[in-house]
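Have a look at the structure below before the remarks.
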Amino acid sequence: MEQMEQILAIKIEISSVANLPTRFGNFRVISFKESEKEHLVIFKDEIKADEIINVRIHSECLTGDALGSLKCDCRDQLIYGLEYINNHGGMVIYLRQEGRNIGLLNKINAYALQDKGFDTIEANHQLGFRADERNYEIVDFIFRHFGIKKINLLTNNPEKLEAIHSAQIISRIPIIIKPNIYNENYLKTKREKMRHMLDQEQN
């Protein structure tokens, strides 16, 4: 039976909890529908509110996550997150924010611009978007739903560290992915222009 809750002025629909056996381990899943976007939370065992929860916040990347694109590091980060929570407990929050929230069509247009020599940020700007259009308000809602107060956040992105308000970040767990010939410039841009901590140790 679905539950209904409110976040800001938006109605959030919450699914039932279901089991999800995968090649990375056996998980449980629950979906949060925010307007037209249906986000997914994949978690290991029971989430205990009084514990520090390992969390990976992952934004949808169809080309990487599903098709195995080598132009980004998204699939590698998703796999790392799923394997980590399978081994250590916690959750992966899968946000439907394709292409840093510019949508699939615009993301492919940005890819076409990258083929002409623009980097990932320049391509977004050419299309009239900011470098990153994502927001994380739904994440705070999800933390409140589970009663989560403290987390270890699996991320390289400083904006995620700054965007979380409803839970205390105890530590950052870096996700260091070895580059390939197709994503070297993409990762360089993330590091140099978006402050992503790709070369730093855990802090």
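To be explicit about the labels: the chains of the structure tokens are called A, B, and onward in the order shown, and within each one the residues are counted from 1, while ligands get numbers from 1 in the order they are shown.
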
List the spatial neighbours of Asn156 of chain A as a list in words - criterion: any atom at most 6 Å away, only C-alpha atoms, same-chain residues fewer than 5 positions off excluded.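 Surrounding residues, per the criterion: Pro174, His196 and Met197 of chain A.
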
Just list as a ChimeraX atom specification whatever in chain A DSSP marks as alpha helix (DSSP H). /A:74-88,98-101,104-115,120-126,137-146,158-163,184-193

Residues at most 12 Å from Ile108 of chain A, counting only C-alpha atoms, excluding those fewer than 2 positions away in the same chain, as a list in words? Cys61, Leu62, Thr63, Lys71, Glu98, Gly99, Ile102, Gly103, Leu104, Leu105, Asn106, Ala110, Tyr111, Ala112, Leu113, Gln114, Asp115, Thr120, Ala123, Asn124 and Leu127 of chain A

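Nearest residue to Glu34 of chain A among A:Phe118, A:Phe141, A:Phe146, A:Tyr84 is A:Phe141, counting only C-alpha atoms.
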
Give me, as JSON, numbers by chain, all polymer residues having an atom no more than 8 Å from Asp65 of chain A, counting only C-alpha atoms and skipping those fewer than 6 positions away in the same chain. {"A": [74, 75, 78]}

A:Ser35, A:Ser69, A:Asn185, A:Ser59: which is nearest Asn135 of chain A, counting only C-alpha atoms? A:Ser59

As a ChimeraX atom specification, please: the residues near Arg144 of chain A (cut-off 12 Å, only C-alpha atoms, same-chain neighbours under 3 positions excluded). /A:5-7,49,137-141,147-150,164-167

Neighbouring residues of Ile42 of chain A were defined as those with any atom within 7 Å, considering only C-alpha atoms; residues of the same chain fewer than 6 positions away were excluded. Please report them as a ChimeraX atom specification. /A:27-30,91-93

Using DSSP on the backbone coordinates, identify the residues of segment 13-201 of chain A assigned to strand (DSSP E); present them as a PyMOL selection string. chain A and resi 13-14+18-22+25-34+37-44+52-59+90-95+150-154+168-173

Proximity to Glu162 of chain A - best of A:Ile47, A:Tyr136, A:Ile176, A:Tyr94, only C-alpha atoms: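 Ranked by minimum distance to Glu162 of chain A, first place goes to A:Tyr136.
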
Computed gap from atom CA of Asn152 of chain A to atom CA of Gln168 of chain A is 8.7 Å

Check the smallest atom-to-atom distance from each of A:Asp50, A:Glu36, A:Ile151, A:Ile12 to Ile170 of chain A using only C-alpha atoms, then report the winner. A:Ile151

Top pick for closest residue to Val55 of chain A, considering A:Asp76, A:Glu83, A:Glu38, A:Glu192 and counting only C-alpha atoms: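 For Val55 of chain A, the nearest of the candidates is A:Glu83.
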
Quick one: residues within 8 Å of Leu70 of chain A, only C-alpha atoms counted, chain neighbours fewer than 5 positions away excluded, as a list in words? Gly64, Asn180, Tyr182 and Asn183 of chain A

Limited to all heavy atoms, could you put the picked residues into a file as a CSV table (one decimal), in the first residue's frame?
chain,number,residue,atom,x,y,z
A,64,GLY,N,25.9,5.4,-19.2
A,64,GLY,CA,27.0,4.8,-18.5
A,64,GLY,C,26.4,3.6,-17.7
A,64,GLY,O,26.9,2.4,-17.8
A,180,ASN,N,40.1,6.0,-18.4
A,180,ASN,CA,40.5,5.3,-19.6
A,180,ASN,C,40.7,6.4,-20.7
A,180,ASN,O,40.5,7.6,-20.4
A,180,ASN,CB,39.4,4.4,-20.0
A,180,ASN,CG,38.0,5.1,-20.3
A,180,ASN,OD1,37.9,5.9,-21.2
A,180,ASN,ND2,37.0,4.7,-19.4
A,182,TYR,N,38.9,7.4,-23.1
A,182,TYR,CA,37.7,8.1,-23.5
A,182,TYR,C,37.3,9.1,-22.4
A,182,TYR,O,36.5,10.0,-22.8
A,182,TYR,CB,36.6,7.1,-23.8
A,182,TYR,CG,36.9,6.2,-24.9
A,182,TYR,CD1,37.3,4.8,-24.6
A,182,TYR,CD2,36.9,6.6,-26.2
A,182,TYR,CE1,37.6,4.0,-25.6
A,182,TYR,CE2,37.2,5.7,-27.2
A,182,TYR,CZ,37.6,4.4,-26.9
A,182,TYR,OH,37.9,3.5,-27.9
A,183,ASN,N,37.6,8.9,-21.1
A,183,ASN,CA,37.1,9.8,-20.1
A,183,ASN,C,38.2,10.6,-19.4
A,183,ASN,O,37.9,11.2,-18.4
A,183,ASN,CB,36.2,9.0,-19.1
A,183,ASN,CG,37.0,8.0,-18.2
A,183,ASN,OD1,38.2,8.1,-18.2
A,183,ASN,ND2,36.3,7.1,-17.6

Atom CA of Ser15 of chain A to atom CA of Arg134 of chain A, distance in Å rounded to a single decimal: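 Interatomic distance, atom CA of Ser15 of chain A to atom CA of Arg134 of chain A: 23.2 Å.
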